[in-house]
Amino acid sequence: MTIALYNTATRRTSELRPVIDGHVGIYVCGATVQGEPHIGHLRSASVFDVLRRWLLYRGYSVTLIRNVTDIDDKILSKSVEEGRPWFAHAFLYERAFTAAYDALDIMPPSYEPRATGHITEMHELIARLIDAGHAYPALDASGDVYFSTTSWPDYGELTNQRLEDMEPAEDSDMRGKKDPRDFALWKAHKPGEPETASWPSPWGRGRPGWHIECSAMSTKYLGPHFDIHGGGLDLRFPHHENELAQSRAAGDAFTNVWMHSGLLNVGGDKMSKSLGNSIFASDLFAQFSPIAVRYFLTSASYRSVLEYSPEAMARQTASLERLSNFLDRARQALGDEAPALPNVEAAYADRSVDVPEDFALALDDDLGVPRALSVVFARVTEGAKLLDSGADKPGLARIVAEVELMLDILGVNPSAEVWGGANANAPAAAALDSLVAELAQKRIEAKAEKDFATADAIRDELSAAGIAIEDTADGYRYHLKNS
């Protein structure tokens with residue numbers, strides 16, 4: 001068993017070789033909680049959740065860190081616009097992100113550190129960089145501290161850029177810099193900013209620069225050398241480039257693999273605030289079920305550009321409904337013989353089947369979800385034949401177990417209780433069974449008396465209520481029709 005991942009730094013796919021045997025440490029750049037989560041945030045979270053689930057299935061223990069940036073320039077300015085203290089503003093939107101992740105059944109991170117809780121670690125890292133000659137207090141004695149990009153020969157290696165071709169860093173005033181491309185590690189407190197948005201430091205009161213936060217928090221929880229650093233492709237430069245430079249310059253090996261999820265297009269254009277075409281989580285969940293949103297986000301290759309449109313969502317929703325309807329019908333036909341649901345919380349350790357080999361090969365090869373889904377649909381086609389024939393219940397149960405396990409690894413198992421699947425609402429399901437059984441019995445009696453008009457009327461009444469009833473050699477069965 002070999003898992004291979006595409007490394008943005010090397011621009012090739014290579015075998016994952018964990019720093020610690022049997023364990024994978026992952027750091028994912030989380031939200032800067034300045035406003036509502038959008039579809040790009042949701043895609044990145046879904047991608048790394050699938051990676052985590054697959055690693056668990058493959059027998060690894062996983063520590064996943066996803067940070068919260070709860071202090072930066074945008075949070076300060078947005079909090080003023082919306083009329084609340086910056087920390088209340090940050091917490092409000094942190095909760096919005098958590099709610100969106102929960103709605104998509106993203107597994108909670110192992111730890112979720114906030115930037116404001118790790119000021120001490122940032123001070124220590126900045127001091128190491130100054131001592132090593134890679135950082136300096138601002139030349140104008142303002143209290144800012146900068147990373148010296150010219151001091152680090154490998155600066156630009158992640159994005160394959162030369163220093164002389166780069167634009168100036170715009171994260172702080174240019175006056176105190178040795179070079180315009182130097183970036184801020186510590187930002188001095190400015191007049192007019194809340195006193196609460198600053199902390200004492202050896203260089204004066206201030207707050208951290210964006211990039212130093214993730215270097216400090218990732219190594220705090222994963223150590224100076226860990227396996228995977230992830231995030232959206234838009235973070236490659238300058239954020240991840242600067243993280244890599246300052247961490248290596250401080251003497252840390254840092255991460256082995258850089259993974260980046262692809263960008264989002266809306267109506268053919270890149271999603272951006274400047275174009276006003278951002279699709280927010282609240283808008284998506286108002287139109288589509290959370291499982292449909294996650295299926296859409298997950299079904300494409302994670303490195304591809306994902307094209308969002310209502311039509312694309314409708315196509316993927318229809319595919320999901322095909323899976324859901326098969327599983328509903330199969331579980332109803334199997335009754336007590338239906339398999340137990342897969343359990344990611346137990347790392348899929350207690351399972352009656354394994355995933356098909358072709359599915360495993362697809363996910364082992366840089367999370368090849370589109371290929372993996374083709375295996376899922378092939379199994380559903382096989383299962384539908386068994387379901388229609390009414391034969392080989394053990395074979396049908398095995399296929400149901402395989403399909404649900406595969407979909408659970410992808411985070412989109414319709415039978416899971418979180419999505420309202422098997423056993424999620426047992427009282428409602430029992431009531432529906434009882435009502436359908438009463439009508440089905442009347443239909444059977446009408447047909448026995450050759451009163452086909454009444455039998456057809458009962459069938460049509462159920463159909464109008466969204467319930468399809470079918471006659472089989474073993475009696476009737478029913479399922480909810482596509483919406």
# chains A, B, ... in the order shown; residues from 1 in each chain; ligands from 1
$ residues_around --residues "A:Ala440" --least-positions-apart "5" --cutoff "12 Å" --atoms "only C-alpha atoms" --output "JSON list (two decimals) with all heavy atoms, in the first residue's frame"
[["chain", "number", "residue", "atom", "x", "y", "z"],
["A", 432, "LEU", "N", -44.00, 6.25, 8.77],
["A", 432, "LEU", "CA", -44.17, 6.15, 7.32],
["A", 432, "LEU", "C", -44.40, 4.70, 6.90],
["A", 432, "LEU", "O", -45.29, 4.41, 6.08],
["A", 432, "LEU", "CB", -42.94, 6.72, 6.61],
["A", 432, "LEU", "CG", -42.97, 6.70, 5.08],
["A", 432, "LEU", "CD1", -44.12, 7.55, 4.56],
["A", 432, "LEU", "CD2", -41.64, 7.20, 4.51],
["A", 433, "ASP", "N", -43.61, 3.78, 7.48],
["A", 433, "ASP", "CA", -43.80, 2.36, 7.17],
["A", 433, "ASP", "C", -45.23, 1.92, 7.48],
["A", 433, "ASP", "O", -45.86, 1.19, 6.71],
["A", 433, "ASP", "CB", -42.82, 1.51, 7.99],
["A", 433, "ASP", "CG", -41.40, 1.58, 7.45],
["A", 433, "ASP", "OD1", -41.23, 2.03, 6.31],
["A", 433, "ASP", "OD2", -40.48, 1.16, 8.18],
["A", 434, "SER", "N", -45.75, 2.38, 8.63],
["A", 434, "SER", "CA", -47.09, 1.98, 9.05],
["A", 434, "SER", "C", -48.16, 2.49, 8.09],
["A", 434, "SER", "O", -49.07, 1.76, 7.69],
["A", 434, "SER", "CB", -47.36, 2.49, 10.47],
["A", 434, "SER", "OG", -48.67, 2.17, 10.87],
["A", 435, "LEU", "N", -48.03, 3.75, 7.69],
["A", 435, "LEU", "CA", -49.01, 4.34, 6.78],
["A", 435, "LEU", "C", -48.97, 3.69, 5.41],
["A", 435, "LEU", "O", -50.01, 3.39, 4.80],
["A", 435, "LEU", "CB", -48.78, 5.85, 6.67],
["A", 435, "LEU", "CG", -49.07, 6.67, 7.93],
["A", 435, "LEU", "CD1", -48.59, 8.11, 7.76],
["A", 435, "LEU", "CD2", -50.56, 6.64, 8.25],
["A", 445, "GLU", "N", -55.57, -6.09, -1.50],
["A", 445, "GLU", "CA", -56.94, -6.62, -1.44],
["A", 445, "GLU", "C", -57.74, -6.22, -2.69],
["A", 445, "GLU", "O", -58.51, -7.01, -3.24],
["A", 445, "GLU", "CB", -57.63, -6.10, -0.18],
["A", 445, "GLU", "CG", -57.04, -6.67, 1.11],
["A", 445, "GLU", "CD", -57.56, -5.98, 2.36],
["A", 445, "GLU", "OE1", -58.37, -5.02, 2.20],
["A", 445, "GLU", "OE2", -57.16, -6.36, 3.48],
["A", 446, "ALA", "N", -57.54, -4.97, -3.15],
["A", 446, "ALA", "CA", -58.26, -4.51, -4.35],
["A", 446, "ALA", "C", -57.84, -5.32, -5.57],
["A", 446, "ALA", "O", -58.68, -5.71, -6.40],
["A", 446, "ALA", "CB", -58.00, -3.03, -4.57],
["A", 447, "LYS", "N", -56.56, -5.60, -5.67],
["A", 447, "LYS", "CA", -56.09, -6.38, -6.82],
["A", 447, "LYS", "C", -56.61, -7.81, -6.75],
["A", 447, "LYS", "O", -56.94, -8.41, -7.79],
["A", 447, "LYS", "CB", -54.55, -6.36, -6.85],
["A", 447, "LYS", "CG", -53.98, -4.99, -7.22],
["A", 447, "LYS", "CD", -52.46, -4.96, -7.16],
["A", 447, "LYS", "CE", -51.85, -5.77, -8.28],
["A", 447, "LYS", "NZ", -50.37, -5.65, -8.29],
["A", 454, "THR", "N", -59.26, 0.83, -8.15],
["A", 454, "THR", "CA", -58.92, 1.21, -6.78],
["A", 454, "THR", "C", -57.43, 1.00, -6.52],
["A", 454, "THR", "O", -56.77, 1.84, -5.89],
["A", 454, "THR", "CB", -59.74, 0.39, -5.77],
["A", 454, "THR", "OG1", -61.13, 0.69, -5.96],
["A", 454, "THR", "CG2", -59.35, 0.72, -4.34],
["A", 455, "ALA", "N", -56.91, -0.13, -7.01],
["A", 455, "ALA", "CA", -55.47, -0.42, -6.82],
["A", 455, "ALA", "C", -54.62, 0.68, -7.47],
["A", 455, "ALA", "O", -53.64, 1.16, -6.87],
["A", 455, "ALA", "CB", -55.13, -1.78, -7.41],
["A", 456, "ASP", "N", -55.00, 1.08, -8.69],
["A", 456, "ASP", "CA", -54.24, 2.13, -9.38],
["A", 456, "ASP", "C", -54.40, 3.48, -8.67],
["A", 456, "ASP", "O", -53.45, 4.27, -8.60],
["A", 456, "ASP", "CB", -54.72, 2.26, -10.82],
["A", 456, "ASP", "CG", -54.30, 1.07, -11.68],
["A", 456, "ASP", "OD1", -53.43, 0.30, -11.22],
["A", 456, "ASP", "OD2", -54.85, 0.91, -12.78],
["A", 457, "ALA", "N", -55.58, 3.73, -8.12],
["A", 457, "ALA", "CA", -55.81, 4.99, -7.41],
["A", 457, "ALA", "C", -54.93, 5.09, -6.16],
["A", 457, "ALA", "O", -54.39, 6.15, -5.84],
["A", 457, "ALA", "CB", -57.28, 5.12, -7.04],
["A", 458, "ILE", "N", -54.77, 3.95, -5.45],
["A", 458, "ILE", "CA", -53.90, 3.93, -4.27],
["A", 458, "ILE", "C", -52.46, 4.18, -4.69],
["A", 458, "ILE", "O", -51.72, 4.95, -4.04],
["A", 458, "ILE", "CB", -54.04, 2.59, -3.52],
["A", 458, "ILE", "CG1", -55.44, 2.48, -2.91],
["A", 458, "ILE", "CG2", -52.97, 2.46, -2.44],
["A", 458, "ILE", "CD1", -55.76, 1.12, -2.33],
["A", 459, "ARG", "N", -52.04, 3.53, -5.78],
["A", 459, "ARG", "CA", -50.67, 3.74, -6.28],
["A", 459, "ARG", "C", -50.45, 5.21, -6.64],
["A", 459, "ARG", "O", -49.42, 5.80, -6.30],
["A", 459, "ARG", "CB", -50.43, 2.86, -7.50],
["A", 459, "ARG", "CG", -49.02, 2.99, -8.11],
["A", 459, "ARG", "CD", -48.99, 2.45, -9.52],
["A", 459, "ARG", "NE", -49.92, 3.23, -10.36],
["A", 459, "ARG", "CZ", -50.48, 2.76, -11.47],
["A", 459, "ARG", "NH1", -50.25, 1.51, -11.87],
["A", 459, "ARG", "NH2", -51.28, 3.53, -12.19],
["A", 460, "ASP", "N", -51.46, 5.81, -7.32],
["A", 460, "ASP", "CA", -51.33, 7.21, -7.71],
["A", 460, "ASP", "C", -51.33, 8.14, -6.50],
["A", 460, "ASP", "O", -50.64, 9.16, -6.49],
["A", 460, "ASP", "CB", -52.48, 7.59, -8.66],
["A", 460, "ASP", "CG", -52.39, 6.85, -10.00],
["A", 460, "ASP", "OD1", -51.31, 6.32, -10.31],
["A", 460, "ASP", "OD2", -53.42, 6.80, -10.71],
["A", 461, "GLU", "N", -52.09, 7.79, -5.47],
["A", 461, "GLU", "CA", -52.11, 8.59, -4.24],
["A", 461, "GLU", "C", -50.74, 8.59, -3.57],
["A", 461, "GLU", "O", -50.25, 9.63, -3.12],
["A", 461, "GLU", "CB", -53.17, 8.02, -3.29],
["A", 461, "GLU", "CG", -53.32, 8.80, -1.99],
["A", 461, "GLU", "CD", -54.35, 8.19, -1.05],
["A", 461, "GLU", "OE1", -55.07, 7.26, -1.47],
["A", 461, "GLU", "OE2", -54.42, 8.65, 0.11],
["A", 462, "LEU", "N", -50.12, 7.41, -3.52],
["A", 462, "LEU", "CA", -48.77, 7.32, -2.95],
["A", 462, "LEU", "C", -47.77, 8.09, -3.81],
["A", 462, "LEU", "O", -46.89, 8.80, -3.30],
["A", 462, "LEU", "CB", -48.35, 5.86, -2.83],
["A", 462, "LEU", "CG", -49.05, 5.05, -1.74],
["A", 462, "LEU", "CD1", -48.78, 3.56, -1.91],
["A", 462, "LEU", "CD2", -48.59, 5.51, -0.36],
["A", 467, "ILE", "N", -44.01, 8.88, -3.08],
["A", 467, "ILE", "CA", -43.65, 7.51, -2.70],
["A", 467, "ILE", "C", -43.92, 6.58, -3.89],
["A", 467, "ILE", "O", -45.03, 6.54, -4.43],
["A", 467, "ILE", "CB", -44.46, 7.03, -1.49],
["A", 467, "ILE", "CG1", -44.19, 7.93, -0.28],
["A", 467, "ILE", "CG2", -44.16, 5.57, -1.15],
["A", 467, "ILE", "CD1", -45.18, 7.75, 0.85],
["A", 468, "ALA", "N", -42.89, 5.85, -4.31],
["A", 468, "ALA", "CA", -43.05, 4.87, -5.39],
["A", 468, "ALA", "C", -43.19, 3.49, -4.77],
["A", 468, "ALA", "O", -42.36, 3.08, -3.95],
["A", 468, "ALA", "CB", -41.85, 4.92, -6.33],
["A", 469, "ILE", "N", -44.23, 2.77, -5.14],
["A", 469, "ILE", "CA", -44.46, 1.42, -4.62],
["A", 469, "ILE", "C", -44.29, 0.43, -5.76],
["A", 469, "ILE", "O", -44.72, 0.68, -6.90],
["A", 469, "ILE", "CB", -45.84, 1.30, -3.95],
["A", 469, "ILE", "CG1", -45.97, -0.02, -3.20],
["A", 469, "ILE", "CG2", -46.98, 1.49, -4.95],
["A", 469, "ILE", "CD1", -47.14, -0.07, -2.23],
["A", 470, "GLU", "N", -43.63, -0.70, -5.48],
["A", 470, "GLU", "CA", -43.35, -1.71, -6.50],
["A", 470, "GLU", "C", -43.80, -3.08, -5.99],
["A", 470, "GLU", "O", -43.68, -3.38, -4.79],
["A", 470, "GLU", "CB", -41.85, -1.76, -6.80],
["A", 470, "GLU", "CG", -41.24, -0.42, -7.21],
["A", 470, "GLU", "CD", -39.71, -0.53, -7.30],
["A", 470, "GLU", "OE1", -39.23, -1.54, -7.85],
["A", 470, "GLU", "OE2", -39.03, 0.38, -6.81],
["A", 471, "ASP", "N", -44.26, -3.89, -6.92],
["A", 471, "ASP", "CA", -44.62, -5.27, -6.60],
["A", 471, "ASP", "C", -43.43, -6.17, -6.88],
["A", 471, "ASP", "O", -42.76, -6.04, -7.91],
["A", 471, "ASP", "CB", -45.82, -5.71, -7.44],
["A", 471, "ASP", "CG", -47.06, -4.89, -7.14],
["A", 471, "ASP", "OD1", -47.33, -4.66, -5.95],
["A", 471, "ASP", "OD2", -47.74, -4.46, -8.09],
["A", 475, "GLY", "N", -43.51, -9.69, -2.23],
["A", 475, "GLY", "CA", -44.46, -8.70, -1.74],
["A", 475, "GLY", "C", -44.15, -7.33, -2.32],
["A", 475, "GLY", "O", -43.54, -7.22, -3.38],
["A", 476, "TYR", "N", -44.52, -6.29, -1.61],
["A", 476, "TYR", "CA", -44.27, -4.94, -2.12],
["A", 476, "TYR", "C", -43.02, -4.35, -1.47],
["A", 476, "TYR", "O", -42.55, -4.81, -0.42],
["A", 476, "TYR", "CB", -45.48, -4.02, -1.82],
["A", 476, "TYR", "CG", -45.56, -3.58, -0.38],
["A", 476, "TYR", "CD1", -44.95, -2.41, 0.04],
["A", 476, "TYR", "CD2", -46.24, -4.36, 0.57],
["A", 476, "TYR", "CE1", -45.01, -2.01, 1.37],
["A", 476, "TYR", "CE2", -46.30, -3.95, 1.89],
["A", 476, "TYR", "CZ", -45.68, -2.78, 2.28],
["A", 476, "TYR", "OH", -45.73, -2.38, 3.60],
["A", 477, "ARG", "N", -42.48, -3.32, -2.11],
["A", 477, "ARG", "CA", -41.47, -2.47, -1.48],
["A", 477, "ARG", "C", -41.72, -1.05, -1.98],
["A", 477, "ARG", "O", -42.32, -0.83, -3.03],
["A", 477, "ARG", "CB", -40.04, -2.92, -1.78],
["A", 477, "ARG", "CG", -39.63, -2.81, -3.24],
["A", 477, "ARG", "CD", -38.16, -3.20, -3.41],
["A", 477, "ARG", "NE", -37.77, -3.20, -4.82],
["A", 477, "ARG", "CZ", -37.18, -4.21, -5.43],
["A", 477, "ARG", "NH1", -36.90, -5.33, -4.76],
["A", 477, "ARG", "NH2", -36.84, -4.12, -6.70],
["A", 478, "TYR", "N", -41.23, -0.07, -1.21],
["A", 478, "TYR", "CA", -41.44, 1.31, -1.62],
["A", 478, "TYR", "C", -40.17, 2.12, -1.37],
["A", 478, "TYR", "O", -39.29, 1.70, -0.60],
["A", 478, "TYR", "CB", -42.61, 1.93, -0.85],
["A", 478, "TYR", "CG", -42.30, 2.32, 0.58],
["A", 478, "TYR", "CD1", -41.83, 3.59, 0.90],
["A", 478, "TYR", "CD2", -42.49, 1.41, 1.63],
["A", 478, "TYR", "CE1", -41.54, 3.95, 2.21],
["A", 478, "TYR", "CE2", -42.21, 1.75, 2.94],
["A", 478, "TYR", "CZ", -41.74, 3.03, 3.22],
["A", 478, "TYR", "OH", -41.44, 3.37, 4.52]]
$ select_by_dssp --residues "stretch 177-364 of chain A" --states "helix (DSSP H, G or I)" --output "PDB file with C-alpha atoms, in the first residue's frame"
ATOM      1  CA  GLU A 195      -5.262  48.922  22.599  1.00  0.00           C
ATOM      2  CA  THR A 196      -6.711  45.430  23.032  1.00  0.00           C
ATOM      3  CA  ALA A 197      -5.444  44.540  19.547  1.00  0.00           C
ATOM      4  CA  TRP A 210      -0.047  37.041   9.130  1.00  0.00           C
ATOM      5  CA  HIS A 211       2.678  34.684   7.980  1.00  0.00           C
ATOM      6  CA  ILE A 212       4.486  34.195  11.287  1.00  0.00           C
ATOM      7  CA  GLU A 213       1.271  32.902  12.875  1.00  0.00           C
ATOM      8  CA  CYS A 214       1.104  29.671  10.897  1.00  0.00           C
ATOM      9  CA  SER A 215       4.802  28.898  11.228  1.00  0.00           C
ATOM     10  CA  ALA A 216       4.522  29.220  15.009  1.00  0.00           C
ATOM     11  CA  MET A 217       1.281  27.276  15.370  1.00  0.00           C
ATOM     12  CA  SER A 218       2.133  24.412  13.006  1.00  0.00           C
ATOM     13  CA  THR A 219       5.420  23.624  14.717  1.00  0.00           C
ATOM     14  CA  LYS A 220       3.883  24.109  18.177  1.00  0.00           C
ATOM     15  CA  TYR A 221       1.511  21.187  17.607  1.00  0.00           C
ATOM     16  CA  LEU A 222       3.274  19.086  14.959  1.00  0.00           C
ATOM     17  CA  LEU A 233      -4.138  27.497  -4.093  1.00  0.00           C
ATOM     18  CA  ASP A 234      -4.619  31.229  -3.499  1.00  0.00           C
ATOM     19  CA  LEU A 235      -2.410  30.917  -0.382  1.00  0.00           C
ATOM     20  CA  ARG A 236       0.707  29.753  -2.239  1.00  0.00           C
ATOM     21  CA  PHE A 237       1.994  33.296  -2.554  1.00  0.00           C
ATOM     22  CA  PRO A 238       2.756  35.188  -0.518  1.00  0.00           C
ATOM     23  CA  HIS A 239       1.471  33.308   2.533  1.00  0.00           C
ATOM     24  CA  HIS A 240       2.930  29.845   2.096  1.00  0.00           C
ATOM     25  CA  GLU A 241       6.063  31.099   0.373  1.00  0.00           C
ATOM     26  CA  ASN A 242       6.749  33.308   3.385  1.00  0.00           C
ATOM     27  CA  GLU A 243       5.930  30.549   5.861  1.00  0.00           C
ATOM     28  CA  LEU A 244       8.407  28.249   4.170  1.00  0.00           C
ATOM     29  CA  ALA A 245      11.166  30.850   4.066  1.00  0.00           C
ATOM     30  CA  GLN A 246      10.897  31.989   7.679  1.00  0.00           C
ATOM     31  CA  SER A 247      10.544  28.450   9.046  1.00  0.00           C
ATOM     32  CA  ARG A 248      13.534  27.091   7.139  1.00  0.00           C
ATOM     33  CA  ALA A 249      15.560  30.205   7.915  1.00  0.00           C
ATOM     34  CA  ALA A 281     -22.139  29.135   2.576  1.00  0.00           C
ATOM     35  CA  SER A 282     -25.422  30.594   3.773  1.00  0.00           C
ATOM     36  CA  ASP A 283     -26.574  31.112   0.162  1.00  0.00           C
ATOM     37  CA  LEU A 284     -25.634  27.557  -0.806  1.00  0.00           C
ATOM     38  CA  PHE A 285     -27.404  25.969   2.151  1.00  0.00           C
ATOM     39  CA  ALA A 286     -30.522  28.017   1.418  1.00  0.00           C
ATOM     40  CA  GLN A 287     -30.738  26.462  -2.050  1.00  0.00           C
ATOM     41  CA  PRO A 290     -25.486  20.303   2.742  1.00  0.00           C
ATOM     42  CA  ILE A 291     -24.754  16.786   1.467  1.00  0.00           C
ATOM     43  CA  ALA A 292     -25.402  17.962  -2.113  1.00  0.00           C
ATOM     44  CA  VAL A 293     -23.015  20.876  -1.569  1.00  0.00           C
ATOM     45  CA  ARG A 294     -20.350  18.546  -0.231  1.00  0.00           C
ATOM     46  CA  TYR A 295     -20.864  16.086  -3.090  1.00  0.00           C
ATOM     47  CA  PHE A 296     -20.389  18.925  -5.584  1.00  0.00           C
ATOM     48  CA  LEU A 297     -17.231  20.133  -3.816  1.00  0.00           C
ATOM     49  CA  THR A 298     -15.786  16.636  -3.550  1.00  0.00           C
ATOM     50  CA  SER A 299     -16.619  15.032  -6.902  1.00  0.00           C
ATOM     51  CA  PRO A 310     -26.742  26.197 -10.430  1.00  0.00           C
ATOM     52  CA  GLU A 311     -26.736  23.836 -13.413  1.00  0.00           C
ATOM     53  CA  ALA A 312     -23.573  22.101 -12.203  1.00  0.00           C
ATOM     54  CA  MET A 313     -25.082  21.769  -8.747  1.00  0.00           C
ATOM     55  CA  ALA A 314     -28.257  20.277 -10.252  1.00  0.00           C
ATOM     56  CA  ARG A 315     -26.244  17.671 -12.201  1.00  0.00           C
ATOM     57  CA  GLN A 316     -24.307  16.581  -9.148  1.00  0.00           C
ATOM     58  CA  THR A 317     -27.456  16.568  -7.016  1.00  0.00           C
ATOM     59  CA  ALA A 318     -29.067  14.183  -9.506  1.00  0.00           C
ATOM     60  CA  SER A 319     -26.046  11.859  -9.263  1.00  0.00           C
ATOM     61  CA  LEU A 320     -26.240  11.927  -5.491  1.00  0.00           C
ATOM     62  CA  GLU A 321     -29.959  11.148  -5.592  1.00  0.00           C
ATOM     63  CA  ARG A 322     -29.249   8.065  -7.696  1.00  0.00           C
ATOM     64  CA  LEU A 323     -26.918   6.816  -4.972  1.00  0.00           C
ATOM     65  CA  SER A 324     -29.321   7.732  -2.205  1.00  0.00           C
ATOM     66  CA  ASN A 325     -32.309   6.039  -3.861  1.00  0.00           C
ATOM     67  CA  PHE A 326     -30.384   2.831  -4.434  1.00  0.00           C
ATOM     68  CA  LEU A 327     -29.279   2.692  -0.803  1.00  0.00           C
ATOM     69  CA  ASP A 328     -32.777   3.478   0.483  1.00  0.00           C
ATOM     70  CA  ARG A 329     -34.341   0.740  -1.640  1.00  0.00           C
ATOM     71  CA  ALA A 330     -31.602  -1.779  -0.853  1.00  0.00           C
ATOM     72  CA  ARG A 331     -31.781  -1.212   2.903  1.00  0.00           C
ATOM     73  CA  GLN A 332     -35.543  -1.540   2.822  1.00  0.00           C
ATOM     74  CA  ALA A 333     -35.286  -4.809   0.886  1.00  0.00           C
ATOM     75  CA  LEU A 334     -32.608  -6.170   3.215  1.00  0.00           C
ATOM     76  CA  GLY A 335     -34.390  -5.218   6.428  1.00  0.00           C
ATOM     77  CA  ASP A 336     -32.595  -6.773   9.394  1.00  0.00           C
ATOM     78  CA  GLU A 337     -29.953  -8.159   7.032  1.00  0.00           C
ATOM     79  CA  VAL A 344     -15.044   7.123  10.721  1.00  0.00           C
ATOM     80  CA  GLU A 345     -14.793   7.946  14.436  1.00  0.00           C
ATOM     81  CA  ALA A 346     -13.486   4.393  14.932  1.00  0.00           C
ATOM     82  CA  GLU A 357      -9.244  -2.483  -5.126  1.00  0.00           C
ATOM     83  CA  ASP A 358      -9.906  -0.017  -7.957  1.00  0.00           C
ATOM     84  CA  PHE A 359     -11.335   2.497  -5.485  1.00  0.00           C
ATOM     85  CA  ALA A 360      -8.264   2.148  -3.268  1.00  0.00           C
ATOM     86  CA  LEU A 361      -5.909   2.567  -6.226  1.00  0.00           C
ATOM     87  CA  ALA A 362      -7.745   5.734  -7.253  1.00  0.00           C
ATOM     88  CA  LEU A 363      -7.486   7.405  -3.826  1.00  0.00           C
ATOM     89  CA  ASP A 364      -3.917   6.211  -3.318  1.00  0.00           C
TER      90      ASP A 364
END
$ atom_distance --atom1 "atom CA of A:Trp186" --atom2 "atom CA of A:Gly209"
5.2 Å
$ select_by_dssp --residues "stretch 150-263 of chain A" --states "strand (DSSP E)" --output "list of chain:residue names"
A:Phe183, A:Ala184, A:Leu185, A:Trp186, A:Lys187, A:Ala188, A:Gly206, A:Arg207, A:Pro208, A:His225, A:Phe226, A:Asp227, A:Ile228, A:His229, A:Gly230, A:Gly231, A:Gly232, A:Phe254, A:Thr255, A:Asn256, A:Val257, A:Trp258, A:Met259, A:His260, A:Ser261
$ write_last_selection --atoms "C-alpha atoms" --output "PDB file, in the first residue's frame"
ATOM      1  CA  PHE A 183       7.516  41.184   4.846  1.00  0.00           C
ATOM      2  CA  ALA A 184       6.304  41.965   8.347  1.00  0.00           C
ATOM      3  CA  LEU A 185       6.806  39.527  11.207  1.00  0.00           C
ATOM      4  CA  TRP A 186       5.621  41.962  13.873  1.00  0.00           C
ATOM      5  CA  LYS A 187       3.492  45.073  13.343  1.00  0.00           C
ATOM      6  CA  ALA A 188       3.796  48.008  15.722  1.00  0.00           C
ATOM      7  CA  GLY A 206       2.032  45.426  18.472  1.00  0.00           C
ATOM      8  CA  ARG A 207       0.566  42.337  16.863  1.00  0.00           C
ATOM      9  CA  PRO A 208       1.857  39.539  14.650  1.00  0.00           C
ATOM     10  CA  HIS A 225       9.300  18.598  10.931  1.00  0.00           C
ATOM     11  CA  PHE A 226       5.902  17.310   9.834  1.00  0.00           C
ATOM     12  CA  ASP A 227       4.246  15.659   6.871  1.00  0.00           C
ATOM     13  CA  ILE A 228       1.690  17.807   5.037  1.00  0.00           C
ATOM     14  CA  HIS A 229       0.883  21.512   4.877  1.00  0.00           C
ATOM     15  CA  GLY A 230      -2.369  22.281   3.066  1.00  0.00           C
ATOM     16  CA  GLY A 231      -4.597  25.106   1.994  1.00  0.00           C
ATOM     17  CA  GLY A 232      -6.215  26.736  -1.003  1.00  0.00           C
ATOM     18  CA  PHE A 254       9.093  22.267   8.321  1.00  0.00           C
ATOM     19  CA  THR A 255       6.800  20.292   6.002  1.00  0.00           C
ATOM     20  CA  ASN A 256       7.572  17.504   3.541  1.00  0.00           C
ATOM     21  CA  VAL A 257       4.533  17.956   1.266  1.00  0.00           C
ATOM     22  CA  TRP A 258       2.664  21.084   0.202  1.00  0.00           C
ATOM     23  CA  MET A 259      -0.912  20.343  -0.932  1.00  0.00           C
ATOM     24  CA  HIS A 260      -3.177  22.947  -2.478  1.00  0.00           C
ATOM     25  CA  SER A 261      -6.835  22.667  -3.446  1.00  0.00           C
TER      26      SER A 261
END
$ residues_around --residues "stretch 50-56 of chain A" --least-positions-apart "5" --cutoff "6 Å" --atoms "only C-alpha atoms" --output "PyMOL selection string"
chain A and resi 347+409-410
$ residues_around --residues "A:Asn277" --least-positions-apart "6" --cutoff "10 Å" --atoms "only C-alpha atoms" --output "ChimeraX atom specification"
/A:265-267,269-271
$ write_last_selection --atoms "N, CA, C and O atoms" --output "PDB file, in the first residue's frame"
ATOM      1  N   ASN A 265     -14.314  28.945  -9.929  1.00  0.00           N
ATOM      2  CA  ASN A 265     -14.823  29.888 -10.922  1.00  0.00           C
ATOM      3  C   ASN A 265     -16.338  29.988 -10.778  1.00  0.00           C
ATOM      4  O   ASN A 265     -17.009  28.992 -10.502  1.00  0.00           O
ATOM      5  N   VAL A 266     -16.847  31.175 -10.980  1.00  0.00           N
ATOM      6  CA  VAL A 266     -18.296  31.400 -10.959  1.00  0.00           C
ATOM      7  C   VAL A 266     -18.658  32.099 -12.264  1.00  0.00           C
ATOM      8  O   VAL A 266     -18.179  33.203 -12.536  1.00  0.00           O
ATOM      9  N   GLY A 267     -19.462  31.448 -13.080  1.00  0.00           N
ATOM     10  CA  GLY A 267     -19.835  32.029 -14.370  1.00  0.00           C
ATOM     11  C   GLY A 267     -18.651  32.252 -15.280  1.00  0.00           C
ATOM     12  O   GLY A 267     -18.636  33.196 -16.074  1.00  0.00           O
ATOM     13  N   ASP A 269     -15.650  33.149 -14.431  1.00  0.00           N
ATOM     14  CA  ASP A 269     -14.663  34.057 -13.850  1.00  0.00           C
ATOM     15  C   ASP A 269     -14.200  33.538 -12.496  1.00  0.00           C
ATOM     16  O   ASP A 269     -14.959  32.889 -11.769  1.00  0.00           O
ATOM     17  N   LYS A 270     -12.965  33.849 -12.157  1.00  0.00           N
ATOM     18  CA  LYS A 270     -12.451  33.497 -10.840  1.00  0.00           C
ATOM     19  C   LYS A 270     -13.298  34.173  -9.773  1.00  0.00           C
ATOM     20  O   LYS A 270     -13.624  35.360  -9.882  1.00  0.00           O
ATOM     21  N   MET A 271     -13.673  33.408  -8.756  1.00  0.00           N
ATOM     22  CA  MET A 271     -14.449  33.990  -7.664  1.00  0.00           C
ATOM     23  C   MET A 271     -13.576  34.974  -6.890  1.00  0.00           C
ATOM     24  O   MET A 271     -12.465  34.646  -6.462  1.00  0.00           O
TER      25      MET A 271
END
